[in-house]
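Trainee: Sharing input_37.cif, mmCIF, C-alpha atoms:
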```
data_final
loop_
_atom_site.label_atom_id
_atom_site.label_comp_id
_atom_site.auth_asym_id
_atom_site.auth_seq_id
_atom_site.Cartn_x
_atom_site.Cartn_y
_atom_site.Cartn_z
CA MET A 1 22.90 89.27 -208.43
CA GLU A 2 22.41 91.79 -205.62
CA ASP A 3 23.05 90.91 -202.00
CA PHE A 4 20.30 90.89 -199.39
CA LEU A 5 21.11 91.95 -195.85
CA ILE A 6 19.13 92.40 -192.65
CA LYS A 7 20.82 93.54 -189.49
CA GLY A 8 19.08 91.78 -186.66
CA GLY A 9 18.60 92.82 -183.09
CA ARG A 10 16.82 92.29 -179.83
CA ASN A 11 14.33 95.03 -179.28
CA GLU A 12 10.59 94.64 -179.17
CA PHE A 13 11.01 91.57 -181.38
CA LEU A 14 13.89 89.19 -181.98
CA VAL A 15 15.12 89.81 -185.50
CA PRO A 16 17.75 87.46 -186.93
CA ASN A 17 20.74 88.63 -188.96
CA VAL A 18 20.39 87.69 -192.60
CA SER A 19 23.18 87.78 -195.17
CA LEU A 20 22.48 86.47 -198.68
CA ASN A 21 25.48 87.03 -200.94
CA GLY A 22 24.65 87.09 -204.63
CA SER A 23 28.31 87.09 -205.73
CA THR A 24 29.48 84.08 -203.73
CA GLY A 25 26.23 82.20 -203.06
CA MET A 26 27.11 82.13 -199.36
CA CYS A 27 24.01 82.71 -197.26
CA GLU A 28 23.55 82.83 -193.52
CA ILE A 29 20.82 83.46 -190.97
CA SER A 30 21.90 83.82 -187.35
CA GLY A 31 20.71 85.04 -183.97
CA GLU A 32 17.15 84.70 -182.71
CA SER A 33 13.83 84.73 -184.52
CA SER A 34 10.56 85.88 -182.99
CA LEU A 35 9.02 88.41 -185.32
CA GLU A 36 5.96 90.59 -185.67
CA TYR A 37 5.36 89.50 -189.28
CA THR A 38 7.08 86.14 -189.56
CA GLY A 39 5.63 85.19 -192.94
CA GLU A 40 6.60 88.46 -194.60
CA PHE A 41 10.12 88.31 -193.15
CA TYR A 42 10.88 84.83 -194.46
CA ASP A 43 9.08 85.54 -197.76
CA GLN A 44 11.87 88.03 -198.53
CA ILE A 45 14.44 85.26 -198.12
CA MET A 46 12.35 82.88 -200.19
CA HIS A 47 12.01 85.47 -202.96
CA TRP A 48 15.79 86.01 -203.05
CA LEU A 49 16.47 82.26 -203.13
CA LYS A 50 14.07 81.72 -206.03
CA LYS A 51 15.66 84.58 -207.96
CA PHE A 52 19.14 83.21 -207.28
CA SER A 53 18.03 79.81 -208.55
CA VAL A 54 16.83 81.31 -211.82
CA GLU A 55 19.68 83.77 -212.43
CA GLU A 56 22.77 81.97 -211.07
CA THR A 57 24.49 78.65 -211.70
CA LYS A 58 27.01 78.73 -208.85
CA THR A 59 26.65 76.65 -205.71
CA LEU A 60 24.43 78.09 -203.00
CA THR A 61 25.47 77.39 -199.42
CA PHE A 62 22.92 78.27 -196.77
CA ALA A 63 24.08 78.24 -193.13
CA PHE A 64 21.48 78.33 -190.36
CA LYS A 65 23.07 79.59 -187.13
CA LEU A 66 19.98 80.38 -185.08
CA THR A 67 20.06 79.95 -181.32
CA TYR A 68 16.32 80.46 -180.77
CA PHE A 69 13.20 80.58 -182.93
CA ASN A 70 9.56 80.52 -181.95
CA THR A 71 7.00 78.17 -183.45
CA SER A 72 5.90 80.59 -186.18
CA SER A 73 9.52 80.89 -187.25
CA TYR A 74 9.86 77.08 -187.17
CA LYS A 75 7.11 76.87 -189.75
CA ALA A 76 8.71 79.56 -191.91
CA ILE A 77 12.15 77.89 -191.68
CA LEU A 78 10.56 74.63 -192.80
CA GLY A 79 9.20 76.49 -195.83
CA THR A 80 12.68 77.83 -196.58
CA LEU A 81 14.20 74.35 -196.33
CA ARG A 82 11.54 72.98 -198.68
CA GLU A 83 12.45 75.64 -201.23
CA LEU A 84 16.12 74.64 -200.93
CA LYS A 85 15.11 71.01 -201.40
CA ARG A 86 13.11 71.96 -204.49
CA GLN A 87 16.17 73.62 -205.94
CA GLN A 88 18.26 70.51 -205.28
CA SER A 89 15.66 68.35 -206.95
CA ILE A 90 15.85 70.38 -210.17
CA GLY A 91 19.62 69.95 -210.25
CA LYS A 92 20.85 73.08 -208.49
CA ASN A 93 23.92 72.79 -206.29
CA VAL A 94 22.61 73.63 -202.87
CA VAL A 95 24.36 72.85 -199.58
CA VAL A 96 22.55 73.42 -196.30
CA GLN A 97 24.44 73.66 -193.02
CA TRP A 98 22.81 73.77 -189.61
CA TYR A 99 24.95 75.06 -186.76
CA TYR A 100 23.72 74.32 -183.26
CA PRO A 101 25.20 75.18 -179.84
CA GLU A 102 27.18 72.10 -178.87
CA ASP A 103 25.29 71.63 -175.60
CA ASP A 104 21.85 72.33 -177.05
CA THR A 105 20.07 69.03 -177.63
CA ASP A 106 16.75 70.81 -178.21
CA MET A 107 18.19 72.71 -181.16
CA LEU A 108 19.78 69.55 -182.54
CA MET A 109 16.42 67.79 -182.26
CA ASP A 110 14.68 70.69 -184.04
CA ALA A 111 17.24 70.44 -186.85
CA GLN A 112 16.73 66.69 -187.19
CA ASP A 113 12.95 67.12 -187.26
CA LEU A 114 13.13 69.92 -189.83
CA MET A 115 15.46 67.77 -191.93
CA GLU A 116 12.92 64.96 -191.91
CA SER A 117 9.91 67.18 -192.56
CA ALA A 118 11.63 68.95 -195.48
CA ASP A 119 13.22 65.72 -196.70
CA ILE A 120 16.55 67.50 -197.08
CA GLU A 121 20.07 66.62 -195.95
CA LEU A 122 21.49 69.11 -193.43
CA GLU A 123 25.15 69.21 -192.43
CA LEU A 124 24.78 69.31 -188.65
CA ILE A 125 27.65 71.26 -187.11
CA ALA A 126 28.13 71.73 -183.35
CA HIS A 127 29.65 75.09 -182.44
CA GLN A 128 29.93 77.63 -179.65
CA PRO A 129 27.74 80.60 -180.58
CA GLU A 130 28.35 84.12 -179.37
CA GLU A 131 25.54 84.51 -176.86
CA MET B 132 -9.65 101.98 -151.23
CA LEU B 133 -7.03 99.28 -151.20
CA GLN B 134 -4.47 99.91 -148.46
CA PRO B 135 -0.80 99.29 -149.23
CA HIS B 136 -0.45 96.62 -146.54
CA ILE B 137 -3.36 94.69 -148.05
CA VAL B 138 -1.68 94.75 -151.42
CA PHE B 139 1.51 93.44 -149.84
CA ASP B 140 -0.33 90.73 -147.86
CA LYS B 141 -2.08 89.48 -150.97
CA PHE B 142 1.09 89.65 -153.00
CA SER B 143 3.28 87.84 -150.49
CA SER B 144 0.67 85.16 -149.79
CA PHE B 145 0.38 84.49 -153.47
CA LEU B 146 4.05 84.21 -154.39
CA PRO B 147 5.87 81.00 -153.58
CA ASP B 148 9.38 80.96 -152.17
CA ASP B 149 12.47 81.14 -154.31
CA VAL B 150 11.04 83.34 -157.04
CA GLU B 151 13.57 84.08 -159.77
CA LEU B 152 11.31 86.31 -161.80
CA SER B 153 7.69 87.34 -161.59
CA TYR B 154 5.41 89.69 -163.47
CA TYR B 155 1.71 90.44 -163.47
CA GLY B 156 0.16 92.98 -165.77
CA GLU B 157 -0.18 93.86 -169.40
CA ILE B 158 1.69 91.47 -171.65
CA ASP B 159 2.73 93.44 -174.70
CA ASN B 160 5.77 93.02 -176.90
CA THR B 161 7.80 95.55 -174.94
CA ILE B 162 7.15 93.70 -171.67
CA ILE B 163 7.91 90.33 -173.27
CA ALA B 164 11.24 91.72 -174.49
CA SER B 165 12.08 93.36 -171.14
CA LEU B 166 11.42 90.19 -169.15
CA GLY B 167 13.47 88.29 -171.71
CA VAL B 168 16.38 90.66 -171.10
CA GLU B 169 16.09 90.06 -167.35
CA LEU B 170 16.00 86.29 -167.86
CA ARG B 171 19.08 86.55 -170.08
CA ARG B 172 20.88 88.56 -167.40
CA LYS B 173 19.97 86.17 -164.58
CA PHE B 174 21.12 83.08 -166.42
CA SER B 175 24.00 84.59 -168.38
CA LYS B 176 26.47 82.12 -166.86
CA GLN B 177 24.34 79.10 -167.82
CA PRO B 178 23.69 79.53 -171.56
CA SER B 179 22.29 76.04 -172.03
CA LEU B 180 19.79 76.42 -169.19
CA PHE B 181 18.97 79.94 -170.34
CA ARG B 182 18.08 78.77 -173.85
CA LYS B 183 15.67 76.18 -172.48
CA LEU B 184 14.02 78.54 -169.97
CA PHE B 185 13.83 81.29 -172.56
CA GLY B 186 12.25 78.96 -175.12
CA VAL B 187 9.53 77.92 -172.67
CA TYR B 188 9.05 81.48 -171.41
CA MET B 189 8.58 82.86 -174.92
CA GLU B 190 5.99 80.26 -175.89
CA LEU B 191 4.02 80.85 -172.68
CA VAL B 192 3.96 84.65 -172.83
CA GLN B 193 3.18 84.68 -176.54
CA ASN B 194 0.22 82.41 -175.82
CA ILE B 195 -1.00 84.90 -173.21
CA GLY B 196 -0.86 87.55 -175.92
CA PHE B 197 -2.83 85.35 -178.29
CA TYR B 198 -5.52 83.97 -175.99
CA ALA B 199 -6.02 86.24 -172.98
CA ALA B 200 -9.50 87.59 -172.31
CA ILE B 201 -10.60 90.14 -169.73
CA PRO B 202 -13.50 89.73 -167.26
CA LYS B 203 -16.46 92.03 -167.90
CA ASN B 204 -16.17 95.33 -166.04
CA ALA B 205 -12.57 94.60 -165.04
CA ARG B 206 -10.33 97.60 -165.58
CA LEU B 207 -7.42 95.58 -166.91
CA PRO B 208 -5.39 96.16 -170.02
CA GLU B 209 -5.69 93.48 -172.66
CA PRO B 210 -3.88 91.14 -172.68
CA THR B 211 -3.15 90.78 -168.97
CA GLY B 212 -1.29 87.82 -167.58
CA LEU B 213 1.05 86.43 -164.99
CA VAL B 214 4.40 84.75 -165.36
CA VAL B 215 6.47 83.35 -162.49
CA ILE B 216 9.77 81.51 -162.58
CA THR B 217 10.62 79.66 -159.37
CA ASN B 218 13.67 77.79 -158.19
CA GLU B 219 12.57 74.41 -156.86
CA ASP B 220 14.34 71.19 -155.88
CA GLY B 221 16.24 70.11 -158.97
CA TYR B 222 14.06 72.20 -161.25
CA PHE B 223 13.19 75.65 -162.40
CA SER B 224 9.46 76.01 -162.91
CA ILE B 225 7.90 78.47 -165.30
CA ALA B 226 4.23 79.14 -164.74
CA SER B 227 1.87 81.44 -166.57
CA GLY B 228 -1.72 82.39 -165.94
CA ASN B 229 -4.35 84.43 -167.71
CA PHE B 230 -8.08 84.77 -168.14
CA THR B 231 -9.27 83.26 -171.36
CA ARG B 232 -12.52 82.23 -173.03
CA ALA B 233 -14.02 79.23 -171.22
CA SER B 234 -15.14 77.78 -174.51
CA ILE B 235 -11.57 77.05 -175.60
CA ILE B 236 -10.67 75.22 -172.36
CA PRO B 237 -12.00 71.72 -173.23
CA LYS B 238 -9.88 71.67 -176.39
CA LEU B 239 -6.84 72.94 -174.48
CA GLN B 240 -7.27 70.30 -171.78
CA GLU B 241 -7.69 67.59 -174.38
CA LYS B 242 -4.56 68.75 -176.19
CA CYS B 243 -2.55 69.00 -172.97
CA ASN B 244 -3.62 65.50 -171.85
CA TYR B 245 -2.78 64.07 -175.25
CA ILE B 246 0.64 65.74 -175.29
CA ASN B 247 1.37 64.45 -171.78
CA SER B 248 0.55 60.91 -172.94
CA LEU B 249 3.27 60.98 -175.61
CA ASN B 250 6.93 60.09 -175.22
CA MET B 251 9.67 62.15 -176.84
CA ASN B 252 9.65 60.34 -180.19
CA GLU B 253 5.86 60.42 -180.36
CA LEU B 254 5.90 64.16 -179.58
CA ARG B 255 8.35 64.76 -182.44
CA LYS B 256 6.15 62.79 -184.83
CA TYR B 257 3.06 64.65 -183.65
CA ARG B 258 4.75 68.01 -184.26
CA ALA B 259 5.68 66.91 -187.78
CA GLU B 260 2.03 65.97 -188.38
CA ILE B 261 0.50 69.22 -187.17
CA VAL B 262 3.08 71.69 -188.45
CA ASP B 263 1.71 71.30 -191.97
CA LYS B 264 -1.92 71.49 -190.98
CA PRO B 265 -3.75 74.79 -191.50
CA THR B 266 -3.90 76.90 -188.35
CA GLU B 267 -6.86 75.79 -186.24
CA GLU B 268 -9.85 78.08 -185.96
CA GLY B 269 -9.35 80.44 -183.04
CA SER B 270 -5.64 79.62 -182.89
CA ARG B 271 -3.27 82.49 -183.59
CA GLY B 272 0.04 80.72 -183.15
CA ALA B 273 1.58 78.14 -185.40
CA GLY B 274 -0.46 75.55 -183.45
CA VAL B 275 2.59 73.67 -182.23
CA GLY B 276 3.51 75.83 -179.24
CA LEU B 277 2.36 73.37 -176.56
CA VAL B 278 4.22 70.55 -178.29
CA LYS B 279 7.39 72.63 -178.42
CA ILE B 280 7.02 73.40 -174.69
CA ALA B 281 6.54 69.69 -173.93
CA LEU B 282 9.66 68.83 -175.95
CA MET B 283 11.71 71.24 -173.83
CA ALA B 284 10.10 70.30 -170.50
CA ASP B 285 11.56 67.70 -168.15
CA ALA B 286 8.21 66.72 -166.61
CA PRO B 287 4.58 66.52 -167.79
CA LEU B 288 2.87 69.86 -168.36
CA GLU B 289 0.73 70.87 -165.38
CA MET B 290 -2.46 72.60 -166.42
CA ASP B 291 -4.93 74.06 -163.95
CA ILE B 292 -8.24 75.88 -164.33
CA PRO B 293 -8.95 77.46 -160.91
CA MET B 294 -11.90 79.44 -162.23
CA TRP B 295 -14.40 78.49 -164.92
CA ASN B 296 -17.49 80.60 -165.62
CA GLU B 297 -19.46 79.32 -168.59
CA SER B 298 -22.14 82.01 -168.44
CA GLU B 299 -19.50 84.69 -168.96
CA ASP B 300 -17.40 82.44 -171.19
CA LEU B 301 -14.45 83.13 -168.92
CA ALA B 302 -11.87 80.88 -167.30
CA LEU B 303 -8.58 81.32 -165.53
CA TYR B 304 -6.00 79.22 -167.33
CA CYS B 305 -2.70 78.32 -165.65
CA ILE B 306 0.11 76.16 -166.90
CA LYS B 307 3.36 75.14 -165.22
CA VAL B 308 6.43 73.75 -166.94
CA LYS B 309 9.44 72.19 -165.21
CA VAL B 310 12.98 72.38 -166.54
CA LYS B 311 15.83 70.47 -164.89
CA LYS B 312 18.63 72.58 -163.48
CA ALA B 313 21.41 70.51 -165.02
#
```
Output the file's structure as structure tokens, nothing else.

Mentor:
Amino acid sequence: MEDFLIKGGRNEFLVPNVSLNGSTGMCEISGESSLEYTGEFYDQIMHWLKKFSVEETKTLTFAFKLTYFNTSSYKAILGTLRELKRQQSIGKNVVVQWYYPEDDTDMLMDAQDLMESADIELELIAHQPEE
Amino acid sequence: MLQPHIVFDKFSSFLPDDVELSYYGEIDNTIIASLGVELRRKFSKQPSLFRKLFGVYMELVQNIGFYAAIPKNARLPEPTGLVVITNEDGYFSIASGNFTRASIIPKLQEKCNYINSLNMNELRKYRAEIVDKPTEEGSRGAGVGLVKIALMADAPLEMDIPMWNESEDLALYCIKVKVKKA
């Protein structure tokens, strides 16, 4: 399956980096998320994940490495996590990792709350992000 | 005609001491990004503090973009707003202000009072409840912005309405958020 890549940046909006690897099933979103069209942006990720679920049998590992997201992005990330949970519930091998800056209790709290709202297990991993 | 010294007098009497960053004018996406860059530069040696201040700042300025109104006959760009970050004892304070429709103020006050009455766990539960609700009428954000601000704040949210004109459906809405320095 084809890869999906978005090179993020900080210009007028905060666009996260997205790397969805169809060959390995390794997926990552990193950076900051405050977008002009939040729904459309995350819909692309959702579309790829659904396609991967149908076409591939290998394990999918999705790593969230965001250091900031606004409330619209929070809602969209929750939708993404619910899709990953749906895939788990139909027997797909899906691992979700959530990296948070080791001194960032707000981000850890967000991850815990998203985990509960999406009813999905997240591997919570403290790290030192490149700021 | 407004004389330069009058502008300065008004400006200096308005601004409190120890201002880290201040802006008044059109709040568009370019300005939001530019002020964000300045905030990032100022607090580059304190990444943890920066992330908290930046998170609050972004919610406040995005809300100005969503809800600001302009007084009739005022030659102001829309949306216009104010954001000030001050260095106070033990805290940094982030305040924003903008004209908005007076009719939305009662709901905002009610929401702010309710949020201030909740402890951290109750705030987290409340966010989980409202994040799945359809966006409220007249609300352009995800509807959880104030809750997110309260979760990051280290003191109750301070909301003030220094001007309220029902006949013009116009009010001046100000909110101040405190974040501990350490």

Trainee: Report the residues retrieved by the PyMOL selection byres ((chain A) within 6 of (chain B)) from the displayed file, expressed as a PDB file with C-alpha atoms, keeping the file's coordinate frame.

Mentor:
```
ATOM      1  CA  GLU A  12      10.590  94.640-179.170  1.00  0.00           C
ATOM      2  CA  THR A  71       7.000  78.170-183.450  1.00  0.00           C
ATOM      3  CA  SER A  72       5.900  80.590-186.180  1.00  0.00           C
TER       4      SER A  72
END
```

Trainee: Near Glu219 (chain B), within 12 Å and counting only C-alpha atoms, which residues show up once chain neighbours fewer than 3 positions away are dropped, as a ChimeraX atom specification?

Mentor: /B:147-151,216,222-225,308-312

Trainee: Report the residues retrieved by the PyMOL selection byres ((chain A and resi 110) around 12) from the displayed file, expressed as a ChimeraX atom specification.

Mentor: /A:66-71,73-75,77-78,98-100,104-109,111-118,122,124 /B:254-256,258-259,278-279,282-283

Trainee: Near Lys65 (chain A), within 12 Å and counting all atoms listed in the file, which residues show up once chain neighbours fewer than 5 positions away are dropped, as a VMD selection string?

Mentor: chain A and resid 16 to 19 27 to 33 77 96 to 102 107 to 108 111 123 to 131

Trainee: Expand the PyMOL selection byres ((chain A and resi 42) around 9) into the individual residues it matches in the shown file, reporting them as a VMD selection string.

Mentor: chain A and resid 37 to 41 43 to 47 73 76 to 77 79 to 80

Trainee: Find the distance between CA of Lys264 (chain B) and CA of Val94 (chain A) and write it in Å to one decimal.

Mentor: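 CA of Val94 (chain A) lies at a distance of 27.3 Å from CA of Lys264 (chain B).
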
Trainee: At what distance in Å, to one decimal, does CA of Tyr155 (chain B) lie from CA of Tyr198 (chain B)?

Mentor: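 Those two atoms sit 15.8 Å apart.
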
Trainee: Identify, on the basis of only C-alpha atoms, every residue whose closest approach to Asp291 (chain B) does not exceed 10 Å; exclude the query and any residue fewer than 6 positions from it along the same chain; express the result as a PyMOL selection string.

Mentor: chain B and resi 228+240+303-307

Trainee: Output as JSON the centre and edge lengths (Å, one decimal) of the box along x, y and z of the file that holds every listed atom of region 227-233 of chain B after adding 5 Å on each side.

Mentor:
```
{"center_x": -6.1, "center_y": 82.0, "center_z": -169.5, "size_x": 25.9, "size_y": 15.5, "size_z": 17.1}
```

Trainee: Which residues come within 10 Å of Glu56 (chain A), counting only C-alpha atoms, excluding same-chain residues fewer than 5 positions away, as a PyMOL selection string?

Mentor: chain A and resi 1+22-23+25+51+92

Trainee: Please indicate the distance in Å from CA of Gly156 (chain B) to CA of Thr211 (chain B), rounded to one decimal place.

Mentor: 5.1 Å
